[in-house]
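Next up, data10.cif (mmCIF, C-alpha atoms, pLDDT in the B column; chains and numbers go by the auth columns):
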data_work
loop_
_atom_site.group_PDB
_atom_site.id
_atom_site.type_symbol
_atom_site.label_atom_id
_atom_site.label_comp_id
_atom_site.label_asym_id
_atom_site.label_seq_id
_atom_site.Cartn_x
_atom_site.Cartn_y
_atom_site.Cartn_z
_atom_site.B_iso_or_equiv
_atom_site.auth_seq_id
_atom_site.auth_asym_id
ATOM 1 C CA MET A 1 4.111 -67.741 56.921 86.00 9 R
ATOM 2 C CA ALA A 2 4.953 -65.285 54.135 88.00 10 R
ATOM 3 C CA ASP A 3 8.176 -64.465 55.959 89.00 11 R
ATOM 4 C CA ARG A 4 9.313 -68.024 55.201 92.00 12 R
ATOM 5 C CA CYS A 5 7.735 -68.709 51.820 94.00 13 R
ATOM 6 C CA LEU A 6 8.600 -65.505 49.980 95.00 14 R
ATOM 7 C CA PRO A 7 12.371 -65.568 50.640 94.00 15 R
ATOM 8 C CA ALA A 8 12.454 -69.200 49.524 95.00 16 R
ATOM 9 C CA LEU A 9 11.184 -67.931 46.169 94.00 17 R
ATOM 10 C CA GLY A 10 13.585 -64.989 46.146 95.00 18 R
ATOM 11 C CA ILE A 11 10.840 -62.427 46.830 96.00 19 R
ATOM 12 C CA GLU A 12 11.250 -59.563 49.301 94.00 20 R
ATOM 13 C CA VAL A 13 8.789 -59.802 52.207 95.00 21 R
ATOM 14 C CA SER A 14 6.875 -56.574 51.606 94.00 22 R
ATOM 15 C CA ALA A 15 4.003 -55.205 49.559 95.00 23 R
ATOM 16 C CA GLU A 16 6.578 -53.714 47.206 95.00 24 R
ATOM 17 C CA GLY A 17 8.435 -57.013 46.877 96.00 25 R
ATOM 18 C CA VAL A 18 5.284 -58.942 46.030 95.00 26 R
ATOM 19 C CA GLY A 19 4.067 -56.230 43.656 96.00 27 R
ATOM 20 C CA ARG A 20 7.393 -56.168 41.835 96.00 28 R
ATOM 21 C CA HIS A 21 7.390 -59.973 41.655 96.00 29 R
ATOM 22 C CA TYR A 22 4.042 -59.940 39.852 96.00 30 R
ATOM 23 C CA GLY A 23 4.972 -56.841 37.830 96.00 31 R
ATOM 24 C CA SER A 24 2.914 -54.640 35.569 96.00 32 R
ATOM 25 C CA ARG A 25 0.832 -56.160 32.853 95.00 33 R
ATOM 26 C CA ALA A 26 2.371 -53.662 30.418 94.00 34 R
ATOM 27 C CA ALA A 27 5.737 -55.320 31.097 95.00 35 R
ATOM 28 C CA ALA A 28 4.490 -58.923 30.737 96.00 36 R
ATOM 29 C CA GLY A 29 3.440 -59.120 34.400 96.00 37 R
ATOM 30 C CA LEU A 30 0.007 -59.491 35.961 96.00 38 R
ATOM 31 C CA LEU A 31 -0.909 -56.176 37.617 96.00 39 R
ATOM 32 C CA ASP A 32 -2.655 -53.055 36.414 95.00 40 R
ATOM 33 C CA ALA A 33 -3.420 -51.903 39.968 95.00 41 R
ATOM 34 C CA TRP A 34 -2.259 -52.939 43.436 95.00 42 R
ATOM 35 C CA LEU A 35 -4.086 -52.165 46.686 96.00 43 R
ATOM 36 C CA VAL A 36 -1.745 -51.931 49.659 96.00 44 R
ATOM 37 C CA HIS A 37 -2.416 -51.183 53.300 95.00 45 R
ATOM 38 C CA THR A 38 -2.055 -47.613 54.493 94.00 46 R
ATOM 39 C CA GLY A 39 1.587 -46.922 55.296 93.00 47 R
ATOM 40 C CA ASP A 40 2.998 -49.684 53.108 93.00 48 R
ATOM 41 C CA ARG A 41 5.389 -48.299 50.538 87.00 49 R
ATOM 42 C CA ALA A 42 4.970 -50.225 47.330 93.00 50 R
ATOM 43 C CA PRO A 43 6.138 -48.406 44.215 95.00 51 R
ATOM 44 C CA VAL A 44 5.796 -50.787 41.295 96.00 52 R
ATOM 45 C CA PRO A 45 6.686 -49.364 37.864 96.00 53 R
ATOM 46 C CA GLY A 46 3.681 -49.274 35.539 96.00 54 R
ATOM 47 C CA VAL A 47 1.194 -50.222 38.274 96.00 55 R
ATOM 48 C CA ASP A 48 -1.454 -47.963 39.802 95.00 56 R
ATOM 49 C CA VAL A 49 -0.629 -48.494 43.501 95.00 57 R
ATOM 50 C CA ARG A 50 -3.298 -47.292 45.941 95.00 58 R
ATOM 51 C CA GLU A 51 -2.858 -47.096 49.712 95.00 59 R
ATOM 52 C CA LEU A 52 -5.940 -47.655 51.851 95.00 60 R
ATOM 53 C CA PRO A 53 -6.980 -49.530 54.984 95.00 61 R
ATOM 54 C CA LEU A 54 -7.264 -53.200 53.999 95.00 62 R
ATOM 55 C CA LEU A 55 -8.712 -54.568 57.247 94.00 63 R
ATOM 56 C CA MET A 56 -12.395 -55.363 56.876 96.00 64 R
ATOM 57 C CA SER A 57 -13.196 -54.473 60.468 95.00 65 R
ATOM 58 C CA SER A 58 -16.728 -53.230 59.848 97.00 66 R
ATOM 59 C CA PRO A 59 -19.334 -53.245 57.104 97.00 67 R
ATOM 60 C CA GLU A 60 -18.279 -49.690 56.206 96.00 68 R
ATOM 61 C CA ALA A 61 -14.599 -50.637 55.947 95.00 69 R
ATOM 62 C CA THR A 62 -15.495 -53.655 53.845 97.00 70 R
ATOM 63 C CA THR A 63 -17.605 -51.492 51.539 97.00 71 R
ATOM 64 C CA ALA A 64 -14.765 -48.974 51.152 96.00 72 R
ATOM 65 C CA LEU A 65 -12.294 -51.734 50.286 96.00 73 R
ATOM 66 C CA ALA A 66 -14.662 -53.303 47.758 96.00 74 R
ATOM 67 C CA ARG A 67 -15.324 -49.890 46.203 96.00 75 R
ATOM 68 C CA ALA A 68 -11.588 -49.187 45.926 96.00 76 R
ATOM 69 C CA ALA A 69 -11.017 -52.557 44.244 96.00 77 R
ATOM 70 C CA LEU A 70 -13.796 -51.889 41.737 96.00 78 R
ATOM 71 C CA ASP A 71 -12.477 -48.378 41.091 95.00 79 R
ATOM 72 C CA ALA A 72 -8.978 -49.758 40.505 93.00 80 R
ATOM 73 C CA ALA A 73 -10.372 -52.315 38.081 91.00 81 R
ATOM 74 C CA HIS A 74 -11.621 -49.467 35.895 84.00 82 R
ATOM 75 C CA VAL A 75 -8.147 -47.962 35.431 51.00 83 R
#

In structure tokens, write the structure found in this file.
Amino acid sequence: MADRCLPALGIEVSAEGVGRHYGSRAAAGLLDAWLVHTGDRAPVPGVDVRELPLLMSSPEATTALARAALDAAHV
């Protein structure tokens, strides 16, 4: 679905494209931090981008993702 919606809005279909669309809060955007799936390249100027597994495939994976989100919120 994103492969159709994002280009219609002029946004690149990638973690980087979405992150750059939202932009850093320091530059009048929305993001301070951005969690992206392992292997996704998503450099966004002024944003603390963290790569980690995003699939909540087990209670342990879900806990790790939640912990990473809380850690990123304390940037």

Give me, as a list in words, all polymer residues having an atom no more than 12 Å from Leu17 (chain R), counting all atoms listed in the file and skipping those fewer than 6 positions away in the same chain.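 Answer for this query is Ala10, Asp11, Gly25, Val26 and His29 of chain R.
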
Considering all atoms listed in the file, return as an MDAnalysis selection string whatever protein or nucleic-acid residues lie within 12 Å of His82 (chain R), sequence-local ones (same chain, fewer than 2 positions apart) excluded. chainID R and resid 40:41 56 75:80

Under the PyMOL selection byres ((chain R and resi 30) around 12), which residues of this model are included? Write them out as a ChimeraX atom specification. /R:19-20,23-29,31-42,52-55

One decimal place gives the CA of Met64 (chain R)-CA of His45 (chain R) separation as 11.4 Å

So that I can see what lies close to Ala74 (chain R), please list as JSON, numbers by chain the residues with an atom at most 12 Å from it, counting all atoms listed in the file and leaving out residues fewer than 6 positions away in the same chain. {"R": [43, 60, 61, 62, 63, 64, 67, 68, 80, 81]}

Expected axis-aligned box over every listed atom of region 18-24 of chain R, 8 Å added per side, centre plus edges in Å to one decimal, as lines of an AutoDock Vina configuration file:
center_x = 8.8
center_y = -59.4
center_z = 49.2
size_x = 25.6
size_y = 27.3
size_z = 22.1
